[in-house]
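File shown here: input-v4.txt, holding compact mmCIF, C-alpha atoms.
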# COMPACT_ATOMS: atom_id res chain seq x y z
CA MET K 1 119.91 99.42 81.74
CA THR K 2 116.21 99.37 80.79
CA ASP K 3 114.54 102.05 78.66
CA THR K 4 112.66 103.22 81.73
CA GLU K 5 115.89 103.59 83.68
CA ARG K 6 117.50 105.47 80.78
CA ASN K 7 114.54 107.84 80.59
CA ARG K 8 114.71 108.49 84.32
CA LEU K 9 118.45 109.08 84.16
CA SER K 10 117.99 111.46 81.25
CA ALA K 11 115.26 113.33 83.09
CA ARG K 12 117.45 113.65 86.17
CA ALA K 13 120.39 114.89 84.12
CA ALA K 14 118.19 117.43 82.36
CA ARG K 15 116.84 118.63 85.70
CA TYR K 16 120.35 119.10 87.10
CA ALA K 17 121.50 120.92 83.99
CA ARG K 18 118.47 123.21 83.66
CA VAL K 19 118.17 124.30 87.25
CA GLY K 20 121.92 124.25 87.92
CA ALA K 21 122.60 126.53 84.96
CA ASN K 22 119.92 128.97 86.09
CA VAL K 23 121.17 129.13 89.66
CA GLY K 24 124.77 129.30 88.48
CA GLY K 25 123.88 132.28 86.32
CA VAL K 26 122.46 134.12 89.32
CA ALA K 27 125.60 133.30 91.32
CA ALA K 28 127.86 134.55 88.52
CA ARG K 29 126.03 137.88 88.26
CA MET K 30 126.25 138.35 92.02
CA ALA K 31 129.94 137.50 92.07
CA GLY K 32 130.58 139.94 89.24
CA ALA K 33 128.72 142.70 91.05
CA ARG K 34 130.81 142.19 94.17
CA PHE K 35 134.07 142.09 92.17
CA LEU K 36 133.21 145.40 90.51
CA GLY K 37 132.18 146.96 93.80
CA LEU K 38 128.56 147.33 92.75
CA THR K 39 125.71 147.36 95.27
CA LEU K 40 123.79 144.09 95.40
CA ASP K 41 120.03 144.37 95.05
CA ARG K 42 118.94 141.54 97.37
CA GLY K 43 115.29 141.80 96.43
CA ARG K 44 116.04 141.47 92.71
CA ASN K 45 118.56 138.69 93.29
CA ALA K 46 116.03 136.83 95.43
CA MET K 47 113.40 137.01 92.69
CA GLU K 48 115.94 135.80 90.10
CA LEU K 49 116.87 132.93 92.38
CA ALA K 50 113.23 131.96 92.92
CA ALA K 51 112.69 132.03 89.14
CA ALA K 52 115.75 129.82 88.65
CA LEU K 53 114.40 127.32 91.16
CA GLY K 54 110.84 127.49 89.93
CA GLY K 55 110.93 123.96 88.51
CA LEU K 56 111.83 122.26 91.77
CA LYS K 57 109.34 120.20 93.74
CA GLY K 58 108.40 120.10 97.40
CA PRO K 59 111.76 119.81 99.21
CA ILE K 60 112.75 123.40 98.46
CA MET K 61 109.64 124.58 100.35
CA LYS K 62 110.73 122.59 103.37
CA VAL K 63 114.13 124.24 103.11
CA ALA K 64 112.54 127.69 103.07
CA GLN K 65 110.54 126.86 106.20
CA LEU K 66 113.68 125.72 108.01
CA MET K 67 115.71 128.73 106.90
CA ALA K 68 113.07 131.17 108.08
CA THR K 69 113.65 130.11 111.70
CA VAL K 70 117.46 130.45 111.90
CA PRO K 71 118.46 134.14 112.02
CA ASP K 72 120.54 135.09 108.96
CA ALA K 73 120.93 131.56 107.63
CA LEU K 74 119.66 133.17 104.42
CA PRO K 75 118.72 136.79 103.73
CA PRO K 76 115.05 137.44 104.54
CA GLU K 77 114.43 138.40 100.90
CA TYR K 78 115.55 134.92 99.85
CA VAL K 79 113.38 133.18 102.43
CA ALA K 80 110.34 135.21 101.38
CA GLU K 81 110.78 134.33 97.70
CA LEU K 82 111.52 130.65 98.34
CA SER K 83 108.40 130.43 100.51
CA LYS K 84 106.29 131.41 97.49
CA LEU K 85 107.45 128.43 95.43
CA GLN K 86 104.84 125.79 94.86
CA SER K 87 105.30 122.15 94.00
CA GLU K 88 105.25 121.47 90.28
CA ALA K 89 104.06 117.90 90.87
CA PRO K 90 100.36 117.76 89.95
CA PRO K 91 98.13 115.18 91.66
CA MET K 92 98.55 111.73 90.16
CA GLY K 93 95.53 110.68 88.13
CA TRP K 94 93.76 107.38 88.75
CA ALA K 95 95.58 105.54 85.96
CA PHE K 96 98.91 106.67 87.39
CA VAL K 97 97.83 105.78 90.94
CA LYS K 98 96.93 102.26 89.82
CA ARG K 99 100.36 101.79 88.25
CA ARG K 100 102.06 103.09 91.39
CA MET K 101 99.97 100.85 93.66
CA ILE K 102 100.75 97.79 91.51
CA ALA K 103 104.44 98.62 91.89
CA GLU K 104 104.07 98.78 95.68
CA LEU K 105 101.52 96.03 96.53
CA GLY K 106 101.36 93.88 93.40
CA PRO K 107 98.72 93.38 90.68
CA ASP K 108 96.05 92.30 93.18
CA TRP K 109 96.51 95.46 95.29
CA LEU K 110 92.92 96.65 95.02
CA GLY K 111 91.62 93.40 96.49
CA LYS K 112 93.59 94.14 99.65
CA PHE K 113 91.16 96.97 100.41
CA ALA K 114 87.41 96.94 100.86
CA ASP K 115 87.38 100.39 99.24
CA PHE K 116 89.98 102.81 97.84
CA GLU K 117 89.00 106.34 96.75
CA HIS K 118 90.15 107.41 93.30
CA HIS K 119 90.73 111.08 94.09
CA PRO K 120 93.36 112.10 96.67
CA ALA K 121 92.06 113.52 99.94
CA ALA K 122 95.23 115.57 100.46
CA ALA K 123 98.47 116.44 98.70
CA ALA K 124 101.89 116.66 100.31
CA SER K 125 105.28 117.78 99.04
CA LEU K 126 106.49 114.22 98.45
CA GLY K 127 103.24 112.37 97.78
CA GLN K 128 99.45 112.32 98.06
CA VAL K 129 96.97 110.75 100.48
CA HIS K 130 93.99 108.58 99.50
CA ARG K 131 91.18 107.52 101.80
CA ALA K 132 90.53 103.79 101.89
CA ARG K 133 88.77 101.14 103.98
CA ALA K 134 90.15 97.86 105.28
CA HIS K 135 88.19 94.62 105.05
CA ASP K 136 87.45 94.84 108.79
CA GLY K 137 85.82 98.24 108.23
CA SER K 138 88.70 100.39 109.53
CA ALA K 139 89.12 103.79 107.86
CA LEU K 140 92.58 104.16 106.32
CA ALA K 141 94.85 106.93 105.05
CA CYS K 142 97.19 105.73 102.27
CA LYS K 143 100.12 108.05 101.56
CA LEU K 144 101.58 107.23 98.14
CA GLN K 145 104.89 108.81 97.16
CA TYR K 146 105.19 110.55 93.82
CA PRO K 147 107.42 108.71 91.31
CA ASP K 148 111.16 109.42 91.13
CA MET K 149 111.12 111.60 94.24
CA GLN K 150 114.57 110.42 95.31
CA SER K 151 116.05 111.90 92.14
CA ALA K 152 114.04 115.09 92.62
CA VAL K 153 115.22 115.45 96.23
CA GLU K 154 118.87 114.92 95.29
CA ALA K 155 118.54 117.56 92.57
CA ASP K 156 116.96 120.01 95.02
CA LEU K 157 119.63 119.39 97.64
CA LYS K 158 122.33 120.04 95.05
CA GLN K 159 120.73 123.40 94.30
CA LEU K 160 120.47 124.11 98.03
CA ASN K 161 124.25 123.88 98.24
CA LEU K 162 124.44 126.41 95.40
CA ILE K 163 122.10 128.73 97.30
CA PHE K 164 124.31 128.51 100.37
CA ALA K 165 127.36 129.19 98.18
CA ILE K 166 125.67 132.35 96.87
CA HIS K 167 124.94 133.48 100.41
CA ARG K 168 128.53 132.90 101.51
CA ARG K 169 129.58 135.49 98.92
CA MET K 170 127.48 138.08 100.74
CA ASP K 171 129.52 138.05 103.97
CA PRO K 172 127.00 136.05 106.02
CA ALA K 173 126.85 135.99 109.80
CA ILE K 174 126.27 132.22 109.84
CA ASP K 175 128.34 129.38 108.39
CA THR K 176 125.71 127.13 106.82
CA THR K 177 127.88 124.03 106.37
CA GLU K 178 126.27 121.98 109.14
CA ILE K 179 122.80 123.30 108.30
CA ALA K 180 123.10 121.86 104.79
CA LYS K 181 124.13 118.47 106.18
CA GLU K 182 121.18 118.39 108.59
CA ILE K 183 118.59 119.37 105.99
CA GLY K 184 119.91 116.77 103.57
CA ALA K 185 119.78 113.99 106.16
CA ARG K 186 116.26 114.81 107.34
CA ILE K 187 114.73 115.21 103.87
CA ARG K 188 116.28 111.93 102.71
CA GLU K 189 114.74 110.25 105.76
CA GLU K 190 111.31 111.58 104.78
CA LEU K 191 111.50 109.52 101.58
CA ASP K 192 111.65 106.29 103.61
CA TYR K 193 108.07 105.43 104.57
CA GLN K 194 109.19 102.28 106.37
CA ARG K 195 111.16 104.48 108.73
CA GLU K 196 108.13 106.75 109.11
CA ALA K 197 106.04 103.70 110.12
CA LYS K 198 108.59 103.08 112.88
CA HIS K 199 108.24 106.72 113.96
CA VAL K 200 104.48 106.13 114.26
CA ALA K 201 105.08 103.10 116.50
CA LEU K 202 107.49 105.16 118.61
CA TYR K 203 104.94 107.95 119.12
CA ARG K 204 102.16 105.50 119.92
CA ALA K 205 104.34 104.13 122.71
CA MET K 206 105.48 107.51 124.03
CA LEU K 207 102.01 109.10 124.12
CA LYS K 208 99.77 106.08 124.76
CA ASP K 209 98.54 107.27 128.17
CA ILE K 210 97.71 110.86 127.15
CA ASP K 211 94.03 111.37 126.36
CA LEU K 212 94.57 114.75 124.68
CA ILE K 213 96.59 113.19 121.84
CA ARG K 214 95.74 110.49 119.32
CA VAL K 215 98.33 108.65 117.23
CA PRO K 216 97.28 106.34 114.35
CA ARG K 217 98.37 102.75 113.82
CA ALA K 218 100.50 101.75 110.87
CA TRP K 219 99.30 98.85 108.69
CA PRO K 220 102.47 96.92 107.75
CA GLY K 221 100.74 94.60 105.27
CA LEU K 222 99.53 97.64 103.31
CA SER K 223 102.77 99.63 103.51
CA THR K 224 106.14 99.68 101.72
CA GLY K 225 109.09 102.03 101.49
CA ARG K 226 107.03 104.31 99.20
CA LEU K 227 103.50 103.62 100.50
CA LEU K 228 102.42 104.25 104.08
CA THR K 229 98.99 103.17 105.29
CA LEU K 230 97.78 104.49 108.63
CA ASP K 231 94.49 104.72 110.49
CA TRP K 232 92.37 107.59 109.20
CA LEU K 233 91.83 109.91 112.18
CA GLU K 234 88.70 112.03 111.92
CA GLY K 235 89.14 115.67 112.78
CA ASP K 236 88.98 119.21 111.48
CA ARG K 237 91.60 121.88 110.95
CA MET K 238 93.27 123.57 113.91
CA LEU K 239 92.54 126.97 112.36
CA ALA K 240 88.81 126.24 112.62
CA HIS K 241 89.15 126.63 116.41
CA THR K 242 90.98 129.94 116.73
CA ASP K 243 87.74 131.66 117.80
CA ASP K 244 86.59 128.94 120.19
CA ALA K 245 86.23 129.57 123.92
CA LEU K 246 89.54 130.16 125.71
CA GLU K 247 89.15 126.87 127.61
CA ILE K 248 89.08 124.93 124.34
CA ARG K 249 91.97 126.87 122.79
CA ASN K 250 94.03 126.26 125.91
CA ARG K 251 93.20 122.55 125.82
CA LEU K 252 94.47 122.30 122.25
CA ALA K 253 97.59 124.30 123.07
CA GLN K 254 98.32 122.10 126.07
CA ALA K 255 97.95 119.03 123.86
CA MET K 256 100.45 120.53 121.40
CA PHE K 257 102.88 121.37 124.21
CA THR K 258 102.65 117.83 125.59
CA ALA K 259 103.01 116.19 122.16
CA TRP K 260 106.23 118.10 121.60
CA TRP K 261 107.95 118.50 125.00
CA PHE K 262 107.18 115.17 126.66
CA PRO K 263 108.80 112.98 123.96
CA PHE K 264 111.78 115.33 123.81
CA SER K 265 112.41 115.66 127.55
CA ARG K 266 111.91 111.96 128.28
CA VAL K 267 113.09 110.12 125.15
CA GLY K 268 115.06 112.73 123.20
CA VAL K 269 112.67 112.76 120.23
CA ILE K 270 110.95 115.73 118.61
CA HIS K 271 108.52 116.31 115.78
CA GLY K 272 110.57 118.71 113.69
CA ASP K 273 107.75 120.18 111.62
CA PRO K 274 104.98 121.42 113.93
CA HIS K 275 102.95 123.40 111.39
CA LEU K 276 99.18 123.47 111.44
CA GLY K 277 98.73 121.07 108.54
CA ASN K 278 100.28 118.20 110.49
CA TYR K 279 97.55 118.23 113.14
CA SER K 280 93.80 118.00 113.27
CA VAL K 281 91.32 118.36 116.13
CA PHE K 282 89.17 115.43 117.21
CA ALA K 283 85.80 115.83 118.90
CA ARG K 284 84.61 114.31 122.14
CA ASP K 285 81.39 112.29 122.23
CA GLY K 286 79.39 115.46 122.81
CA GLY K 287 80.94 117.21 119.81
CA GLU K 288 83.24 119.52 121.79
CA PRO K 289 86.90 119.62 120.66
CA GLY K 290 88.75 117.10 122.77
CA GLY K 291 92.36 117.16 121.61
CA ILE K 292 94.67 116.71 118.64
CA ASN K 293 95.44 114.03 116.08
CA LEU K 294 99.10 113.72 115.03
CA LEU K 295 99.05 113.09 111.30
CA ASP K 296 102.57 113.15 109.86
CA TYR K 297 105.75 111.46 111.11
CA GLY K 298 108.27 112.08 108.35
CA CYS K 299 110.27 114.85 110.02
CA ILE K 300 111.22 113.24 113.34
CA ARG K 301 114.56 114.03 115.01
CA ILE K 302 116.24 111.71 117.52
CA PHE K 303 118.78 113.54 119.70
CA PRO K 304 121.68 112.29 121.79
CA PRO K 305 120.65 112.37 125.48
CA SER K 306 123.47 114.85 126.14
CA PHE K 307 121.81 117.32 123.76
CA VAL K 308 118.58 117.07 125.76
CA GLY K 309 120.59 117.63 128.93
CA ALA K 310 122.02 120.83 127.44
CA VAL K 311 118.50 122.12 126.72
CA VAL K 312 117.65 121.69 130.41
CA ASP K 313 121.04 123.10 131.47
CA LEU K 314 120.51 126.24 129.39
CA TYR K 315 117.05 126.71 130.88
CA ASN K 316 118.38 126.37 134.44
CA GLY K 317 121.39 128.54 133.63
CA LEU K 318 119.19 131.35 132.30
CA MET K 319 116.83 131.02 135.28
CA THR K 320 119.63 131.30 137.86
CA GLY K 321 122.17 133.46 136.01
CA ASP K 322 124.69 130.62 136.05
CA ASP K 323 127.07 131.59 133.23
CA ALA K 324 129.16 128.42 133.55
CA ARG K 325 126.08 126.27 133.03
CA ILE K 326 125.04 128.34 130.02
CA VAL K 327 128.48 127.98 128.42
CA HIS K 328 128.47 124.24 129.12
CA ALA K 329 125.10 123.95 127.36
CA TYR K 330 126.31 125.73 124.22
CA GLU K 331 129.50 123.65 124.17
CA THR K 332 127.50 120.45 124.52
CA TRP K 333 125.36 121.49 121.58
CA GLY K 334 128.52 121.92 119.52
CA PHE K 335 129.05 125.69 119.30
CA LYS K 336 132.76 126.47 118.83
CA ARG K 337 135.00 129.43 119.77
CA LEU K 338 132.61 130.77 122.38
CA SER K 339 133.72 134.33 123.14
CA ARG K 340 131.89 136.49 125.66
CA ASP K 341 130.33 138.47 122.79
CA LEU K 342 129.11 135.34 121.04
CA ILE K 343 127.60 133.97 124.25
CA GLU K 344 125.72 137.21 124.84
CA THR K 345 124.45 137.09 121.26
CA LEU K 346 123.28 133.48 121.58
CA ASN K 347 121.59 134.40 124.86
CA ILE K 348 119.42 136.97 123.07
CA TRP K 349 117.87 134.18 121.00
CA ALA K 350 117.80 131.75 123.91
CA ARG K 351 115.90 134.18 126.16
CA PHE K 352 113.40 134.70 123.35
CA ILE K 353 112.83 130.95 122.86
CA TYR K 354 112.81 130.17 126.60
CA GLY K 355 110.96 133.33 127.65
CA PRO K 356 107.48 131.80 128.12
CA LEU K 357 109.02 128.84 129.97
CA MET K 358 110.85 131.08 132.44
CA ASP K 359 107.81 133.15 133.44
CA ASP K 360 105.82 131.51 136.25
CA ARG K 361 102.38 132.93 135.43
CA VAL K 362 99.51 132.48 133.01
CA ARG K 363 100.37 134.34 129.81
CA SER K 364 100.25 134.18 126.05
CA VAL K 365 103.40 133.27 124.15
CA ALA K 366 103.75 136.76 122.67
CA ASP K 367 102.71 138.42 125.98
CA GLY K 368 101.39 141.64 124.48
CA VAL K 369 103.67 141.75 121.43
CA LYS K 370 101.88 141.84 118.08
CA PRO K 371 102.09 138.42 116.41
CA SER K 372 103.56 140.03 113.30
CA GLU K 373 106.36 141.51 115.43
CA TYR K 374 106.97 138.42 117.56
CA GLY K 375 110.67 137.57 117.54
CA ARG K 376 111.53 140.23 114.97
CA ARG K 377 113.45 142.48 117.37
CA GLN K 378 115.48 139.58 118.75
CA ALA K 379 116.26 138.27 115.27
CA PHE K 380 117.46 141.74 114.24
CA GLN K 381 119.69 141.99 117.33
CA VAL K 382 121.20 138.56 116.67
CA HIS K 383 121.68 139.38 113.00
CA LYS K 384 123.44 142.67 113.81
CA ALA K 385 125.70 141.17 116.49
CA LEU K 386 126.73 138.19 114.36
CA ARG K 387 127.50 140.48 111.45
CA GLU K 388 129.97 142.27 113.71
CA LYS K 389 131.36 139.25 115.57
CA GLY K 390 130.62 136.26 113.32
CA PRO K 391 130.50 134.11 111.40
CA VAL K 392 129.27 131.36 113.70
CA THR K 393 128.83 127.73 112.67
CA VAL K 394 125.39 126.50 113.74
CA PRO K 395 125.54 122.87 114.99
CA ARG K 396 123.37 120.58 112.90
CA GLU K 397 121.19 119.36 115.81
CA PHE K 398 120.27 122.96 116.59
CA VAL K 399 118.53 123.47 113.23
CA LEU K 400 115.48 121.27 113.78
CA MET K 401 115.29 122.12 117.48
CA ASP K 402 115.03 125.80 116.61
CA ARG K 403 112.59 125.15 113.77
CA ALA K 404 110.35 123.08 116.02
CA ALA K 405 110.37 125.63 118.84
CA ILE K 406 109.41 128.44 116.47
CA GLY K 407 106.73 126.30 114.82
CA LEU K 408 105.23 125.39 118.17
CA GLY K 409 105.16 129.05 119.21
CA SER K 410 103.36 129.87 115.96
CA VAL K 411 100.60 127.37 116.82
CA PHE K 412 100.19 128.99 120.25
CA LEU K 413 99.97 132.41 118.59
CA HIS K 414 97.22 131.22 116.22
CA LEU K 415 95.26 129.73 119.13
CA ARG K 416 95.83 132.82 121.32
CA ALA K 417 96.38 130.39 124.17
CA GLU K 418 96.95 131.58 127.73
CA LEU K 419 98.78 129.02 129.84
CA ASN K 420 101.41 128.76 132.54
CA PHE K 421 104.12 127.46 130.20
CA HIS K 422 106.63 127.50 133.06
CA ARG K 423 104.68 124.91 135.03
CA LEU K 424 104.00 122.77 131.96
CA PHE K 425 107.70 122.72 131.16
CA ASN K 426 108.77 121.91 134.69
CA GLU K 427 106.26 119.06 134.73
CA ALA K 428 107.87 117.74 131.53
CA ILE K 429 111.39 117.82 133.01
CA GLU K 430 110.44 116.61 136.49
CA ASP K 431 113.08 114.17 137.81
CA PHE K 432 115.11 114.78 134.64
CA SER K 433 118.53 113.20 134.18
CA VAL K 434 120.60 112.45 131.10
CA GLY K 435 121.00 108.85 132.27
CA ARG K 436 117.24 108.36 132.55
CA VAL K 437 116.71 109.78 129.03
CA ALA K 438 119.44 107.47 127.68
CA ALA K 439 117.79 104.40 129.23
CA GLN K 440 114.26 105.35 128.12
CA GLN K 441 115.48 106.23 124.62
CA ALA K 442 117.30 102.92 124.18
CA ARG K 443 114.21 100.95 125.20
CA ALA K 444 111.80 103.00 123.08
CA LEU K 445 113.91 102.96 119.92
CA ALA K 446 114.65 99.26 120.22
CA ALA K 447 110.93 98.52 120.56
CA ALA K 448 110.18 100.60 117.45
CA GLY K 449 113.07 99.08 115.47
CA LEU K 450 114.87 102.42 115.07
CA ASP K 451 118.56 103.28 115.15
CA LEU K 452 119.85 104.90 118.34
CA ALA K 453 120.33 108.20 116.55
CA PRO K 454 120.17 109.46 112.96
CA ALA K 455 123.29 110.42 111.04

Represent the structure from my file as structure tokens, please.
Amino acid sequence: MTDTERNRLSARAARYARVGANVGGVAARMAGARFLGLTLDRGRNAMELAAALGGLKGPIMKVAQLMATVPDALPPEYVAELSKLQSEAPPMGWAFVKRRMIAELGPDWLGKFADFEHHPAAAASLGQVHRARAHDGSALACKLQYPDMQSAVEADLKQLNLIFAIHRRMDPAIDTTEIAKEIGARIREELDYQREAKHVALYRAMLKDIDLIRVPRAWPGLSTGRLLTLDWLEGDRMLAHTDDALEIRNRLAQAMFTAWWFPFSRVGVIHGDPHLGNYSVFARDGGEPGGINLLDYGCIRIFPPSFVGAVVDLYNGLMTGDDARIVHAYETWGFKRLSRDLIETLNIWARFIYGPLMDDRVRSVADGVKPSEYGRRQAFQVHKALREKGPVTVPREFVLMDRAAIGLGSVFLHLRAELNFHRLFNEAIEDFSVGRVAAQQARALAAAGLDLAPA
């Protein structure tokens, strides 16, 4: 073992010990309080937990975002505190960047670019992005992963399991076993930039004929498992357009809807992290906003075609009041022990998610409900019912589906879009069949060099 490897191993062991001891201390205090019959102060416990996790890097923030969208996966006090955590990884300085680039592209790496900016243009939870220029003049975005992120992610995931263990001591309404597996698998995938390059190729193929959406090219000769070079797509922030004319806001919302629902309904693929930072707005020749750039492809979920079929079955079942079809959809997704009470509880959330799609008229997503209150009543009802009837084990595929649906709705809320979501959805599922999705998925994934489905 080299000195460098020993140092990294020591650092990883220290990280496990430091954070694990802190989280374990919080868990012990909570367990003691319950044993003695004392009232648990969730707000205080949440702050102690956030302090214990304060040294963790980006993955824990992704976890908090995911947890916020599944009712009662964690107490709201915990989600709020975890959401405040910031990455402790400072931007890599130029000397460090040079060492990292030599490790990825070799000692002559700089000569492979016509220009490479010293200062990062953007920071992400797992790495940072530098602007560059290819020798043919093409503008490039080079995403360089921070060092030792695999060790950091594994440490964070270990602490996530401790967090879930703490929550299980509080009589939760949801069994988080499958949630933990799903989060671990997806975050580990995000470390593999070669896989992300294949995701880019997949999206270029799926959306190539849609003018409202632009997908960059990957540059294989300038990419590795820890360095991803893509076209730089010019655009400005989505939030810069929230006060634009309604026509423009609707155009951007329609582009978002298409970028999400068309790949899912036709190929069984979704972008699992539709937050505003993963998109920018490109301008038409006249300067008017023309559509969206898709910028990040780390959190992509590939679903079995049967799962997609259940999404359509649940929609049709809710539209027609077909209880048998609704039950079949939940069973296909993997929900177990479906009592009448549990089905009614799941339907509360389903009608909230599907609501805009079931209403054949032009409307906003919230439809008169204050954005700050959107979904709160339904989440409370689900929470209350599951407390009484649960716990329920959430199937792992459901986690990212739910996260993506909530994230997409949030974008529509920011844009204050007014669209006929029902017609857009029915256009996406026109001539739908599970067999057609299976055939299209197999062709698309084979062309992109991806596995049929992730673990």

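Nearest residue to K:Arg204, choosing from K:Gln440, K:Val365, K:Glu331, K:Ala448 and counting only C-alpha atoms: K:Ala448.
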
Between atom CA of K:Asn250 and atom CA of K:Met238, what is the distance in Å, rounded to a tenth?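 About the pair atom CA of K:Asn250 and atom CA of K:Met238: they are 12.3 Å apart.
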
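A straight line drawn from atom CA of K:Asp136 to atom CA of K:Asp285 is 22.8 Å long.
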
Gap from atom CA of K:Leu342 to atom CA of K:Pro304 - Å, one decimal: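 If I compute the distance from atom CA of K:Leu342 to atom CA of K:Pro304, I get 24.2 Å.
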
Around all listed atoms of stretch 335-346 of chain K, padded 3 Å per side, what centre and edge lengths does the axis-aligned box have in Å to one decimal, as JSON?
{"center_x": 129.1, "center_y": 132.1, "center_z": 122.2, "size_x": 17.7, "size_y": 18.8, "size_z": 12.8}

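Comparing K:Thr345, K:Asn420, K:Thr393, K:Ser138 by their smallest distance to K:Asp359, the closest is K:Asn420 (using all atoms listed in the file).
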
Counting only C-alpha atoms, figure out which residue out of K:Leu162, K:Val215, K:Ala123, K:Ala366 gets nearest to K:Leu294. K:Val215

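Within a radius of 7 Å around (105.9, 106.9, 105.2), the polymer residues are Lys143, Asp192, Tyr193, Gln194, Arg195, Glu196, Ala197, Gly225, Arg226, Leu227, Leu228 and Gly298 of chain K, counting all atoms listed in the file.
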
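Each of K:Asp296, K:Glu247, K:Asp148, K:Glu182 was checked against K:Arg214 using only C-alpha atoms; the smallest atom-to-atom distance is that of K:Asp296.
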
Name the residues in contact with K:Glu430 at a cut-off of 12 Å, using only C-alpha atoms, excluding same-chain residues fewer than 3 positions from it; report them as a short mmCIF file (atom, residue, chain, number, x, y, z; two decimals) with C-alpha atoms, in the frame of the given file.
data_model
loop_
_atom_site.label_atom_id
_atom_site.label_comp_id
_atom_site.auth_asym_id
_atom_site.auth_seq_id
_atom_site.Cartn_x
_atom_site.Cartn_y
_atom_site.Cartn_z
CA TRP K 261 107.95 118.50 125.00
CA PHE K 262 107.18 115.17 126.66
CA SER K 265 112.41 115.66 127.55
CA ARG K 266 111.91 111.96 128.28
CA VAL K 312 117.65 121.69 130.41
CA ARG K 423 104.68 124.91 135.03
CA LEU K 424 104.00 122.77 131.96
CA PHE K 425 107.70 122.72 131.16
CA ASN K 426 108.77 121.91 134.69
CA GLU K 427 106.26 119.06 134.73
CA SER K 433 118.53 113.20 134.18
CA ARG K 436 117.24 108.36 132.55
CA VAL K 437 116.71 109.78 129.03
#

Closest of K:Leu445, K:Leu144, K:Leu207, K:Met401 to K:Ala255 - atom-to-atom distances counting all atoms listed in the file: K:Leu207

Close residues, stretch 279-281 of chain K itself excluded, 6 Å, only C-alpha atoms, min 5 positions apart in chain, as a PyMOL selection string: chain K and resi 235-238+291-295

Saved selection, atoms kept: C-alpha atoms, as a compact mmCIF listing (two decimals), keeping the file's coordinate frame:
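The resulting file, selection_22.txt, is shown below:
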# COMPACT_ATOMS: atom_id res chain seq x y z
CA GLY K 235 89.14 115.67 112.78
CA ASP K 236 88.98 119.21 111.48
CA ARG K 237 91.60 121.88 110.95
CA MET K 238 93.27 123.57 113.91
CA GLY K 291 92.36 117.16 121.61
CA ILE K 292 94.67 116.71 118.64
CA ASN K 293 95.44 114.03 116.08
CA LEU K 294 99.10 113.72 115.03
CA LEU K 295 99.05 113.09 111.30

For K:His135, please output as an MDAnalysis selection string all residues within 12 Å (counting only C-alpha atoms; exclusion window: fewer than 6 positions along the same chain). chainID K and resid 110:116 222

Using C-alpha atoms, can you export the residues from the last selection as a compact mmCIF listing (two decimals), in the coordinates of the input?
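part.txt written:
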# COMPACT_ATOMS: atom_id res chain seq x y z
CA LEU K 110 92.92 96.65 95.02
CA GLY K 111 91.62 93.40 96.49
CA LYS K 112 93.59 94.14 99.65
CA PHE K 113 91.16 96.97 100.41
CA ALA K 114 87.41 96.94 100.86
CA ASP K 115 87.38 100.39 99.24
CA PHE K 116 89.98 102.81 97.84
CA LEU K 222 99.53 97.64 103.31

Identify, on the basis of only C-alpha atoms, every residue whose closest approach to K:Glu117 does not exceed 7 Å; exclude the query and any residue fewer than 6 positions from it along the same chain; express the result as a ChimeraX atom specification. /K:130-132

Pick from K:Gly268, K:Pro216, K:Asp367, K:Asp211 nearest to K:Arg284, counting all atoms listed in the file: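 The shortest atom-to-atom distance to K:Arg284 comes from K:Asp211.
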
Hey, what's within 10 Å of K:Arg217 if we count only C-alpha atoms and toss same-chain stuff fewer than 5 positions away? As number ranges by chain, please? K: 140, 197, 200-201, 203-204, 229-233

Just C-alpha atoms for this one: save the residues we selected as a PDB file, in the frame of the given file.
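Okay, this is what ended up in result_30.pdb:
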ATOM      1  CA  LEU K 140      92.580 104.160 106.320  1.00  0.00           C
ATOM      2  CA  ALA K 197     106.040 103.700 110.120  1.00  0.00           C
ATOM      3  CA  VAL K 200     104.480 106.130 114.260  1.00  0.00           C
ATOM      4  CA  ALA K 201     105.080 103.100 116.500  1.00  0.00           C
ATOM      5  CA  TYR K 203     104.940 107.950 119.120  1.00  0.00           C
ATOM      6  CA  ARG K 204     102.160 105.500 119.920  1.00  0.00           C
ATOM      7  CA  THR K 229      98.990 103.170 105.290  1.00  0.00           C
ATOM      8  CA  LEU K 230      97.780 104.490 108.630  1.00  0.00           C
ATOM      9  CA  ASP K 231      94.490 104.720 110.490  1.00  0.00           C
ATOM     10  CA  TRP K 232      92.370 107.590 109.200  1.00  0.00           C
ATOM     11  CA  LEU K 233      91.830 109.910 112.180  1.00  0.00           C
TER      12      LEU K 233
END
